[in-house]
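Source file: protein_23.txt; contents: compact mmCIF, C-alpha atoms and all ligand atoms.
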# COMPACT_ATOMS: atom_id res chain seq x y z
CA MET A 1202 -11.06 -30.78 -27.03
CA SER A 1203 -14.84 -30.64 -26.94
CA SER A 1204 -16.54 -27.41 -27.93
CA ARG A 1205 -18.10 -25.54 -25.05
CA ILE A 1206 -21.40 -23.78 -24.91
CA GLY A 1207 -22.94 -21.84 -22.02
CA ARG A 1208 -20.90 -20.30 -19.28
CA HIS A 1209 -18.00 -21.91 -17.50
CA PHE A 1210 -18.91 -22.92 -13.92
CA LEU A 1211 -16.18 -21.36 -11.80
CA HIS A 1212 -16.76 -22.96 -8.41
CA ILE A 1213 -13.34 -22.57 -6.86
CA PRO A 1214 -13.20 -20.48 -3.68
CA GLY A 1215 -11.68 -17.50 -5.43
CA PRO A 1216 -11.27 -16.08 -7.92
CA SER A 1217 -15.06 -16.10 -7.90
CA PRO A 1218 -17.30 -15.34 -10.89
CA VAL A 1219 -17.47 -11.63 -11.78
CA PRO A 1220 -21.05 -10.36 -12.18
CA GLU A 1221 -22.09 -8.90 -15.56
CA ARG A 1222 -22.79 -5.61 -13.84
CA VAL A 1223 -19.23 -5.39 -12.58
CA MET A 1224 -17.83 -6.36 -15.98
CA ARG A 1225 -19.83 -3.60 -17.64
CA ALA A 1226 -18.80 -1.05 -15.02
CA MET A 1227 -15.15 -1.75 -15.83
CA ASN A 1228 -15.64 -1.22 -19.55
CA MET A 1229 -14.39 2.36 -19.31
CA PRO A 1230 -11.57 4.37 -20.83
CA VAL A 1231 -8.54 4.79 -18.61
CA ILE A 1232 -8.50 8.25 -17.07
CA ASP A 1233 -5.90 10.62 -15.63
CA HIS A 1234 -5.35 9.36 -12.11
CA ARG A 1235 -4.40 12.88 -11.03
CA GLY A 1236 -7.47 14.53 -12.57
CA PRO A 1237 -10.88 15.58 -11.18
CA ASP A 1238 -12.80 12.54 -12.46
CA PHE A 1239 -10.44 10.24 -10.64
CA LYS A 1240 -10.75 12.20 -7.42
CA LYS A 1241 -14.49 11.49 -7.37
CA LEU A 1242 -13.97 7.77 -8.04
CA GLY A 1243 -11.19 7.57 -5.44
CA GLU A 1244 -13.24 9.27 -2.76
CA GLU A 1245 -16.24 7.05 -3.48
CA VAL A 1246 -14.39 3.75 -3.28
CA LEU A 1247 -12.28 4.70 -0.26
CA GLU A 1248 -15.48 5.68 1.58
CA GLY A 1249 -17.50 2.73 0.24
CA CYS A 1250 -14.93 0.20 1.45
CA LYS A 1251 -15.54 1.31 5.03
CA ALA A 1252 -19.09 -0.05 4.95
CA VAL A 1253 -17.89 -3.42 3.65
CA PHE A 1254 -15.20 -3.72 6.33
CA GLN A 1255 -17.67 -2.33 8.92
CA THR A 1256 -15.24 0.33 10.03
CA ASP A 1257 -15.05 4.11 10.36
CA GLY A 1258 -11.27 4.00 9.94
CA PRO A 1259 -9.16 4.04 6.79
CA VAL A 1260 -9.06 1.18 4.28
CA VAL A 1261 -5.85 1.20 2.22
CA ILE A 1262 -6.20 -0.14 -1.33
CA TYR A 1263 -3.13 -1.52 -3.09
CA PRO A 1264 -2.70 -2.65 -6.69
CA SER A 1265 -1.69 -6.12 -5.48
CA SER A 1266 -2.91 -9.61 -4.74
CA GLY A 1267 -3.92 -10.60 -1.23
CA THR A 1268 -0.37 -11.71 -0.57
CA GLY A 1269 0.78 -8.11 -1.04
CA ALA A 1270 -1.69 -6.94 1.59
CA TRP A 1271 -0.34 -9.63 3.95
CA GLU A 1272 3.11 -8.16 3.47
CA ALA A 1273 1.83 -4.60 3.96
CA THR A 1274 0.36 -5.68 7.30
CA ILE A 1275 3.60 -7.17 8.54
CA ALA A 1276 5.81 -4.36 7.20
CA ASN A 1277 3.67 -1.63 8.79
CA THR A 1278 3.08 -3.11 12.23
CA LEU A 1279 5.85 -5.51 13.25
CA ASN A 1280 9.59 -5.41 13.96
CA ALA A 1281 12.25 -8.01 13.26
CA GLY A 1282 12.55 -10.12 16.40
CA ASP A 1283 8.95 -9.51 17.50
CA LYS A 1284 7.07 -12.51 18.82
CA VAL A 1285 3.65 -13.26 17.34
CA LEU A 1286 1.04 -15.95 17.97
CA MET A 1287 -0.44 -17.75 14.95
CA PHE A 1288 -2.55 -20.86 14.32
CA GLU A 1289 -1.89 -23.51 11.72
CA THR A 1290 -5.46 -23.61 10.46
CA GLY A 1291 -4.38 -24.68 6.97
CA GLN A 1292 -2.30 -23.76 3.93
CA PHE A 1293 -2.96 -20.00 3.99
CA ALA A 1294 -2.02 -19.66 7.66
CA THR A 1295 1.11 -21.67 6.86
CA LEU A 1296 2.05 -19.29 4.03
CA TRP A 1297 1.41 -16.15 6.11
CA ARG A 1298 3.58 -17.61 8.85
CA GLN A 1299 6.34 -18.30 6.34
CA MET A 1300 6.18 -14.69 5.19
CA ALA A 1301 6.36 -13.37 8.75
CA ALA A 1302 9.38 -15.59 9.42
CA ARG A 1303 11.13 -14.21 6.33
CA TRP A 1304 10.70 -10.73 7.80
CA GLY A 1305 12.51 -11.91 10.92
CA VAL A 1306 9.37 -12.19 13.04
CA GLU A 1307 9.44 -14.99 15.60
CA VAL A 1308 6.23 -17.01 15.18
CA GLU A 1309 4.74 -19.28 17.81
CA PHE A 1310 2.66 -21.51 15.54
CA VAL A 1311 -0.08 -23.49 17.28
CA SER A 1312 -0.79 -26.58 15.20
CA THR A 1313 -4.19 -28.06 14.43
CA ASP A 1314 -5.35 -31.01 12.34
CA TRP A 1315 -6.54 -28.58 9.60
CA ARG A 1316 -10.12 -29.45 10.52
CA ARG A 1317 -10.90 -26.63 12.96
CA GLY A 1318 -10.23 -22.95 13.53
CA ALA A 1319 -8.03 -21.01 15.92
CA ASP A 1320 -9.09 -21.84 19.48
CA PRO A 1321 -10.04 -18.77 21.58
CA ALA A 1322 -9.19 -20.72 24.78
CA ILE A 1323 -5.61 -21.27 23.56
CA VAL A 1324 -5.33 -17.57 22.67
CA GLU A 1325 -6.40 -16.66 26.20
CA ALA A 1326 -4.04 -19.18 27.82
CA LYS A 1327 -1.00 -18.18 25.73
CA LEU A 1328 -1.54 -14.48 26.31
CA SER A 1329 -2.18 -14.96 30.03
CA GLU A 1330 1.12 -16.86 30.35
CA ASP A 1331 2.94 -14.03 28.59
CA ARG A 1332 3.51 -11.91 31.69
CA SER A 1333 6.20 -9.77 30.09
CA LYS A 1334 3.76 -8.93 27.24
CA ALA A 1335 6.35 -9.99 24.70
CA ILE A 1336 3.77 -11.17 22.17
CA ARG A 1337 3.36 -8.29 19.76
CA ALA A 1338 0.43 -9.63 17.70
CA VAL A 1339 -2.13 -12.40 17.34
CA MET A 1340 -2.48 -13.26 13.64
CA VAL A 1341 -5.48 -15.33 12.52
CA VAL A 1342 -6.93 -16.38 9.18
CA HIS A 1343 -10.68 -15.69 9.38
CA ASN A 1344 -11.84 -17.99 6.60
CA GLU A 1345 -9.23 -20.68 5.91
CA THR A 1346 -9.78 -21.20 2.19
CA SER A 1347 -7.77 -24.43 2.09
CA THR A 1348 -10.08 -26.21 4.56
CA GLY A 1349 -13.48 -24.49 4.63
CA VAL A 1350 -13.14 -23.59 8.31
CA THR A 1351 -13.97 -20.17 9.76
CA SER A 1352 -12.26 -19.03 12.95
CA ARG A 1353 -14.40 -17.27 15.55
CA ILE A 1354 -12.93 -13.79 15.34
CA ALA A 1355 -15.30 -12.09 17.81
CA GLU A 1356 -14.56 -14.78 20.41
CA ILE A 1357 -10.83 -14.50 19.86
CA ARG A 1358 -11.11 -10.74 20.49
CA LYS A 1359 -12.87 -11.49 23.78
CA ALA A 1360 -10.14 -13.97 24.70
CA ILE A 1361 -7.46 -11.30 24.09
CA ASP A 1362 -9.43 -8.89 26.29
CA ARG A 1363 -9.89 -11.46 29.08
CA ALA A 1364 -6.14 -11.95 29.15
CA GLY A 1365 -5.75 -8.16 29.42
CA HIS A 1366 -3.06 -8.30 26.75
CA PRO A 1367 -2.03 -5.38 24.49
CA ALA A 1368 -1.20 -7.54 21.43
CA LEU A 1369 -2.30 -6.29 18.03
CA PHE A 1370 -5.04 -8.39 16.39
CA LEU A 1371 -4.23 -8.99 12.70
CA VAL A 1372 -6.86 -10.87 10.68
CA ASP A 1373 -6.66 -12.32 7.17
CA SER A 1374 -10.22 -12.06 5.87
CA ILE A 1375 -9.07 -12.37 2.29
CA SER A 1376 -11.73 -14.94 1.45
CA GLY A 1377 -14.16 -14.00 4.24
CA LEU A 1378 -14.87 -10.35 3.50
CA GLY A 1379 -18.12 -9.78 1.62
CA SER A 1380 -19.29 -13.36 2.27
CA ALA A 1381 -18.91 -14.02 6.01
CA ASP A 1382 -19.70 -11.41 8.66
CA LEU A 1383 -16.58 -9.48 9.62
CA ARG A 1384 -16.85 -6.40 11.85
CA HIS A 1385 -13.53 -4.61 11.87
CA ASP A 1386 -14.45 -1.99 14.50
CA GLU A 1387 -16.90 -3.89 16.70
CA TRP A 1388 -14.60 -6.92 16.93
CA GLY A 1389 -11.58 -4.80 17.78
CA ILE A 1390 -9.50 -5.93 14.84
CA ASP A 1391 -6.34 -3.89 14.23
CA VAL A 1392 -5.70 -4.88 10.63
CA THR A 1393 -8.16 -6.70 8.37
CA VAL A 1394 -6.46 -7.97 5.23
CA SER A 1395 -8.44 -8.69 2.07
CA CYS A 1396 -8.33 -8.74 -1.72
CA SER A 1397 -10.60 -8.26 -4.71
CA GLN A 1398 -11.22 -11.67 -6.26
CA LYS A 1399 -13.22 -13.49 -3.59
CA GLY A 1400 -16.30 -12.11 -1.81
CA LEU A 1401 -15.89 -8.75 -3.52
CA MET A 1402 -16.64 -10.44 -6.88
CA LEU A 1403 -13.90 -8.60 -8.78
CA PRO A 1404 -11.05 -9.83 -10.94
CA PRO A 1405 -7.73 -10.31 -9.10
CA GLY A 1406 -5.56 -7.23 -8.64
CA LEU A 1407 -6.55 -5.28 -5.52
CA GLY A 1408 -5.29 -5.85 -1.98
CA PHE A 1409 -6.80 -4.15 1.08
CA THR A 1410 -5.83 -3.39 4.64
CA ALA A 1411 -8.38 -1.86 7.03
CA VAL A 1412 -6.37 -0.18 9.76
CA SER A 1413 -7.26 0.68 13.37
CA GLU A 1414 -5.85 3.68 15.22
CA LYS A 1415 -3.77 1.33 17.33
CA ALA A 1416 -2.28 -0.24 14.19
CA LEU A 1417 -1.57 3.19 12.74
CA ALA A 1418 0.19 4.19 15.95
CA ALA A 1419 2.23 0.97 15.77
CA SER A 1420 3.20 1.81 12.19
CA ARG A 1421 4.63 5.15 13.28
CA SER A 1422 7.11 3.54 15.63
CA ASN A 1423 7.88 0.19 14.02
CA THR A 1424 11.20 -0.37 12.32
CA LEU A 1425 10.70 -2.77 9.41
CA PRO A 1426 11.73 -1.11 6.15
CA ARG A 1427 8.93 -0.36 3.72
CA SER A 1428 8.19 2.02 0.90
CA TYR A 1429 5.58 0.76 -1.58
CA TRP A 1430 3.47 -0.62 1.28
CA ASP A 1431 3.85 2.33 3.65
CA TRP A 1432 0.47 3.36 5.06
CA ALA A 1433 1.66 6.92 5.73
CA GLU A 1434 2.57 7.38 2.04
CA MET A 1435 -0.89 6.11 1.03
CA LEU A 1436 -3.02 7.94 3.56
CA LYS A 1437 -1.69 11.40 2.69
CA PRO A 1438 -3.03 11.50 -0.92
CA ASN A 1439 -6.00 9.22 -0.01
CA ALA A 1440 -7.35 12.09 2.10
CA ASN A 1441 -8.19 13.82 -1.22
CA GLY A 1442 -9.19 10.69 -3.15
CA PHE A 1443 -5.78 10.22 -4.76
CA PHE A 1444 -2.99 7.63 -4.62
CA PRO A 1445 0.80 8.07 -4.34
CA TYR A 1446 1.39 5.97 -7.47
CA THR A 1447 -0.81 4.84 -10.38
CA PRO A 1448 -3.77 2.93 -8.97
CA ALA A 1449 -5.62 0.12 -10.80
CA THR A 1450 -8.19 2.57 -12.18
CA THR A 1451 -10.25 0.02 -14.10
CA LEU A 1452 -10.56 -2.29 -11.10
CA LEU A 1453 -11.66 0.67 -8.99
CA TYR A 1454 -14.64 1.20 -11.34
CA GLY A 1455 -15.50 -2.44 -10.72
CA LEU A 1456 -15.01 -2.02 -6.98
CA ARG A 1457 -17.47 0.89 -6.95
CA GLU A 1458 -20.07 -1.32 -8.65
CA ALA A 1459 -19.41 -4.32 -6.39
CA ILE A 1460 -19.82 -2.16 -3.30
CA ALA A 1461 -23.13 -0.87 -4.73
CA MET A 1462 -24.31 -4.47 -5.27
CA LEU A 1463 -23.44 -5.45 -1.69
CA ARG A 1464 -25.21 -2.35 -0.40
CA GLU A 1465 -28.35 -3.03 -2.47
CA GLU A 1466 -28.65 -6.63 -1.30
CA GLY A 1467 -27.70 -5.60 2.26
CA LEU A 1468 -24.76 -7.12 4.14
CA PRO A 1469 -26.98 -9.18 6.51
CA GLN A 1470 -28.78 -10.65 3.49
CA VAL A 1471 -25.48 -11.33 1.72
CA PHE A 1472 -24.20 -13.25 4.76
CA ALA A 1473 -27.51 -15.14 5.14
CA ARG A 1474 -27.40 -16.17 1.46
CA HIS A 1475 -23.89 -17.59 1.90
CA GLN A 1476 -25.01 -19.49 5.00
CA ARG A 1477 -27.98 -20.93 3.12
CA LEU A 1478 -25.84 -22.05 0.19
CA ALA A 1479 -23.26 -23.59 2.53
CA ALA A 1480 -25.93 -25.51 4.45
CA ALA A 1481 -27.33 -26.88 1.18
CA THR A 1482 -23.83 -27.96 0.10
CA ARG A 1483 -23.32 -29.82 3.38
CA ALA A 1484 -26.73 -31.47 2.92
CA ALA A 1485 -25.55 -32.63 -0.50
CA ALA A 1486 -22.34 -34.02 1.01
CA GLN A 1487 -24.33 -35.98 3.54
CA GLY A 1488 -26.54 -37.29 0.75
CA TRP A 1489 -23.48 -38.49 -1.18
CA GLY A 1490 -21.94 -40.00 1.95
CA LEU A 1491 -18.84 -37.77 1.63
CA GLU A 1492 -17.30 -36.30 4.76
CA VAL A 1493 -17.04 -32.55 5.27
CA LEU A 1494 -13.44 -31.68 6.25
CA CYS A 1495 -14.47 -29.13 8.90
CA GLN A 1496 -15.12 -30.87 12.22
CA GLU A 1497 -16.65 -27.98 14.15
CA PRO A 1498 -20.27 -27.11 13.25
CA THR A 1499 -19.84 -23.59 14.67
CA GLU A 1500 -16.90 -23.12 12.29
CA TYR A 1501 -18.40 -24.32 8.99
CA SER A 1502 -17.40 -21.86 6.28
CA PRO A 1503 -20.16 -19.98 4.46
CA VAL A 1504 -17.67 -19.39 1.61
CA LEU A 1505 -16.64 -22.87 0.55
CA THR A 1506 -17.00 -26.50 1.56
CA ALA A 1507 -14.09 -28.97 1.40
CA LEU A 1508 -15.12 -32.60 0.99
CA MET A 1509 -12.93 -35.61 1.64
CA MET A 1510 -12.54 -38.25 -1.04
CA PRO A 1511 -13.38 -41.85 -0.12
CA ASP A 1512 -10.25 -43.94 0.62
CA GLY A 1513 -8.32 -44.94 -2.44
CA THR A 1514 -9.75 -42.31 -4.78
CA GLY A 1515 -7.92 -39.21 -5.92
CA ALA A 1516 -9.54 -35.78 -5.85
CA ASP A 1517 -7.54 -34.48 -8.80
CA VAL A 1518 -8.69 -37.18 -11.24
CA PHE A 1519 -12.26 -36.50 -10.13
CA ARG A 1520 -11.83 -32.75 -10.67
CA LYS A 1521 -10.43 -33.40 -14.14
CA VAL A 1522 -13.47 -35.49 -15.08
CA VAL A 1523 -15.78 -32.71 -13.87
CA LEU A 1524 -13.85 -30.09 -15.84
CA ASP A 1525 -13.70 -32.15 -19.04
CA ARG A 1526 -17.31 -33.32 -18.97
CA PHE A 1527 -19.16 -30.40 -17.45
CA ASP A 1528 -16.86 -27.40 -17.87
CA MET A 1529 -16.82 -26.78 -14.11
CA SER A 1530 -13.72 -25.88 -12.06
CA LEU A 1531 -13.67 -27.19 -8.49
CA GLY A 1532 -10.99 -26.21 -5.97
CA ALA A 1533 -7.99 -28.52 -5.52
CA GLY A 1534 -6.68 -29.76 -2.19
CA LEU A 1535 -3.73 -27.59 -1.11
CA GLY A 1536 -0.60 -28.42 0.87
CA LYS A 1537 -1.01 -31.61 2.85
CA LEU A 1538 -4.57 -31.98 1.53
CA THR A 1539 -3.37 -32.29 -2.09
CA ASP A 1540 -5.47 -34.92 -3.92
CA LYS A 1541 -7.31 -35.75 -0.66
CA VAL A 1542 -10.09 -33.17 -0.81
CA PHE A 1543 -11.92 -31.09 -3.36
CA ARG A 1544 -13.42 -27.71 -2.55
CA ILE A 1545 -16.74 -26.31 -3.72
CA GLY A 1546 -16.81 -22.51 -3.75
CA HIS A 1547 -20.24 -20.99 -3.08
CA LEU A 1548 -19.27 -17.36 -2.73
CA GLY A 1549 -19.95 -14.06 -4.40
CA GLU A 1550 -22.16 -14.18 -7.47
CA THR A 1551 -23.82 -17.48 -6.53
CA ASN A 1552 -27.53 -18.08 -5.95
CA ASP A 1553 -29.75 -21.10 -5.30
CA LEU A 1554 -29.90 -22.19 -8.94
CA THR A 1555 -26.22 -21.70 -9.75
CA LEU A 1556 -25.42 -23.76 -6.66
CA MET A 1557 -27.87 -26.47 -7.75
CA GLY A 1558 -26.15 -26.53 -11.15
CA ALA A 1559 -22.75 -26.91 -9.51
CA LEU A 1560 -23.92 -29.66 -7.16
CA SER A 1561 -25.48 -31.50 -10.11
CA GLY A 1562 -22.09 -31.35 -11.82
CA VAL A 1563 -20.47 -32.84 -8.72
CA GLU A 1564 -23.01 -35.66 -8.47
CA MET A 1565 -22.78 -36.50 -12.18
CA GLY A 1566 -18.98 -36.24 -11.92
CA LEU A 1567 -18.86 -38.68 -9.00
CA HIS A 1568 -20.79 -41.12 -11.16
CA ALA A 1569 -18.68 -40.49 -14.28
CA ALA A 1570 -15.40 -40.89 -12.35
CA HIS A 1571 -16.61 -44.10 -10.64
CA ILE A 1572 -16.18 -42.63 -7.16
CA PRO A 1573 -18.06 -44.68 -4.53
CA HIS A 1574 -20.97 -42.53 -3.35
CA GLN A 1575 -24.71 -42.55 -2.76
CA ARG A 1576 -27.11 -40.78 -5.04
CA GLY A 1577 -29.42 -38.14 -3.67
CA GLY A 1578 -27.06 -35.32 -2.66
CA VAL A 1579 -28.64 -32.94 -5.15
CA LEU A 1580 -32.11 -33.78 -3.87
CA ALA A 1581 -30.96 -33.22 -0.28
CA ALA A 1582 -29.54 -29.81 -1.23
CA MET A 1583 -32.81 -28.86 -2.88
CA THR A 1584 -34.73 -29.89 0.21
CA SER A 1585 -32.38 -27.78 2.33
CA LEU A 1586 -32.85 -24.72 0.10
CA ARG A 1587 -36.61 -25.22 0.04
CA SER A 1588 -36.88 -25.38 3.81
CA ALA A 1589 -34.80 -22.17 4.02
CA LEU A 1590 -37.42 -20.53 1.79
CA ASP A 1591 -40.24 -21.68 4.10
CA ASP A 1592 -38.58 -20.10 7.16
C1 LIG B 1601 -6.62 -16.30 -1.64
C2 LIG B 1601 -6.09 -16.19 -0.28
C3 LIG B 1601 -4.84 -15.63 -0.01
C4 LIG B 1601 -3.90 -15.21 -1.07
O1 LIG B 1601 -4.40 -14.21 -1.89
P1 LIG B 1601 -3.69 -13.93 -3.31
O2 LIG B 1601 -4.59 -12.89 -3.92
O3 LIG B 1601 -3.66 -15.22 -4.05
O4 LIG B 1601 -2.33 -13.40 -3.03
C5 LIG B 1601 -4.46 -15.52 1.31
N1 LIG B 1601 -5.25 -15.92 2.31
C6 LIG B 1601 -6.45 -16.47 2.09
C7 LIG B 1601 -7.28 -16.91 3.24
C8 LIG B 1601 -6.91 -16.63 0.79
O5 LIG B 1601 -8.11 -17.19 0.56

Written as structure tokens, how would this file's structure read?
Ligand SMILES: *Cc1c(COP(=O)(O)O)cnc(C)c1O
Amino acid sequence: MSSRIGRHFLHIPGPSPVPERVMRAMNMPVIDHRGPDFKKLGEEVLEGCKAVFQTDGPVVIYPSSGTGAWEATIANTLNAGDKVLMFETGQFATLWRQMAARWGVEVEFVSTDWRRGADPAIVEAKLSEDRSKAIRAVMVVHNETSTGVTSRIAEIRKAIDRAGHPALFLVDSISGLGSADLRHDEWGIDVTVSCSQKGLMLPPGLGFTAVSEKALAASRSNTLPRSYWDWAEMLKPNANGFFPYTPATTLLYGLREAIAMLREEGLPQVFARHQRLAAATRAAAQGWGLEVLCQEPTEYSPVLTALMMPDGTGADVFRKVVLDRFDMSLGAGLGKLTDKVFRIGHLGETNDLTLMGALSGVEMGLHAAHIPHQRGGVLAAMTSLRSALDD
């Protein structure tokens, strides 16, 4: 093993690098989670989350991974035997579907080639055909982390409205929130699911559900069993800043700091930065002659970019060379994309120069691993970033 100096380049699309500021904010003694100091922290983070989710309604915070918040969403809103409409946008949509099926939910799963998002026109057509209004929910992954494709959530909302359908709208923005624009209230989302270790720039360990009034009403009458995940159990003590069981106190200190950082930069500026970094990454891909997996320019992810390997070359060997030589982690291909793509995360604590460092590592890695490519991707990315500065 070679000795390592300097920081590790963590360029997977979550967990994302944790800012120094957040690390320092978490360096605190553990406190009594039923005491007055906690109450202040609890109230601050529960209120602060609303700005990030762009909602006036409650955001429930669980000590869990994103997968836990997926389960909370299903357990609180659906019934066994309910029909739901989902889209096979990639590996994460596939896993959420599998979970829903295990709860006895009947999923109509619209397939795609994993190179585009959920199609609003198909949503409208499927809901319009559903004259008996049997479809209980439309469930969509906002930013499909396995492919680098973002579904058009606002347009899907409009499609649901055009069909005049009462279905709940449940959105996984686990890797979108804090990086890609997501307006829980304005876009009429009923549950937005998220977690701590992606755009929120925290370590893993917190799951979130932002909940609309309609979703809350659904939770009062639905019949799936739940206890740990029950919104009603959470919302009662949350009203005073407290939790029904021991919360992840240390992570909540970090969450308070991360929310402050997002507020200081400004959400529009945060989203614009991610767009700029994503555009530069695609410019690099074009320079290298590598194909971007996403086929729909309006659906390019601001969070990550998945690039296809040239025929006959494996992504995992390439990623190993990059890790060994340059101490940089790139995202692996997941599910049916295993070894076929690699993913560059450009989310959270990433700026122009950290991205340039990462792209340099990719270009040098392509050379070191003898992957057929053209030089000049890094230069193309720099040109892209420079022209963004001139705007
Ligand atoms: C990361 C991720 C998940 C899973 O979150 P965990 O914290 O690993 O449970 C689900 N959906 C999407 C879109 C993700 O990016």

Residues within 9 Å of segment 1212-1219 of chain A, all atoms listed in the file, excluding chain neighbours under 2 positions, as a ChimeraX atom specification: /A:1210,1221-1224,1346-1347,1376,1397-1405,1504-1506,1529-1533,1544-1551,1556,1559

Centre and edges of the segment 1439-1456 of chain A box, axis-aligned, 3 Å extra per side, as JSON:
{"center_x": -7.1, "center_y": 5.7, "center_z": -6.0, "size_x": 22.9, "size_y": 22.3, "size_z": 22.2}

Considering only C-alpha atoms, tabulate each residue of segment 1214-1323 of chain A that lies at most 12 Å from segment 1350-1361 of chain A along with its nearest interatomic pair and the corresponding distance in Å to one decimal; arrange the rows by chain and ascending residue number and present them as a Markdown table.
| residue | atom | partner | partner_atom | distance |
| --- | --- | --- | --- | --- |
| A:Leu1286 | CA | A:Ile1361 | CA | 11.5 |
| A:Met1287 | CA | A:Ile1357 | CA | 11.9 |
| A:Phe1288 | CA | A:Ser1352 | CA | 10.0 |
| A:Glu1289 | CA | A:Ser1352 | CA | 11.4 |
| A:Thr1290 | CA | A:Val1350 | CA | 8.0 |
| A:Gly1291 | CA | A:Val1350 | CA | 8.9 |
| A:Gln1292 | CA | A:Val1350 | CA | 11.7 |
| A:Phe1293 | CA | A:Val1350 | CA | 11.6 |
| A:Ala1294 | CA | A:Ser1352 | CA | 11.5 |
| A:Thr1313 | CA | A:Val1350 | CA | 11.7 |
| A:Asp1314 | CA | A:Val1350 | CA | 11.5 |
| A:Trp1315 | CA | A:Val1350 | CA | 8.4 |
| A:Arg1316 | CA | A:Val1350 | CA | 7.0 |
| A:Arg1317 | CA | A:Val1350 | CA | 6.0 |
| A:Gly1318 | CA | A:Ser1352 | CA | 4.5 |
| A:Ala1319 | CA | A:Ser1352 | CA | 5.5 |
| A:Asp1320 | CA | A:Ile1357 | CA | 7.6 |
| A:Pro1321 | CA | A:Ile1357 | CA | 4.7 |
| A:Ala1322 | CA | A:Ala1360 | CA | 6.8 |
| A:Ile1323 | CA | A:Ala1360 | CA | 8.7 |

Within 10 Å of Val1372 of chain A using only C-alpha atoms, minus same-chain residues under 4 positions, as a PyMOL selection string: chain A and resi 1271+1274+1339-1344+1354+1383+1385+1390-1395+1410-1411

Any idea what the distance is between atom CA of Thr1451 of chain A and atom CA of Arg1427 of chain A?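 Value for the atom CA of Thr1451 of chain A-atom CA of Arg1427 of chain A distance: 26.2 Å.
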
Nearest residue to ligand LIG 1601 (chain B) out of A:Leu1296, A:Val1412, A:Leu1211, A:Ala1301, using only C-alpha atoms and all ligand atoms?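 Smallest distance to ligand LIG 1601 (chain B) is found for A:Leu1296.
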
Atom CA of Leu1468 of chain A to atom CA of Asp1257 of chain A, straight-line distance in Å: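 Those two atoms sit 16.1 Å apart.
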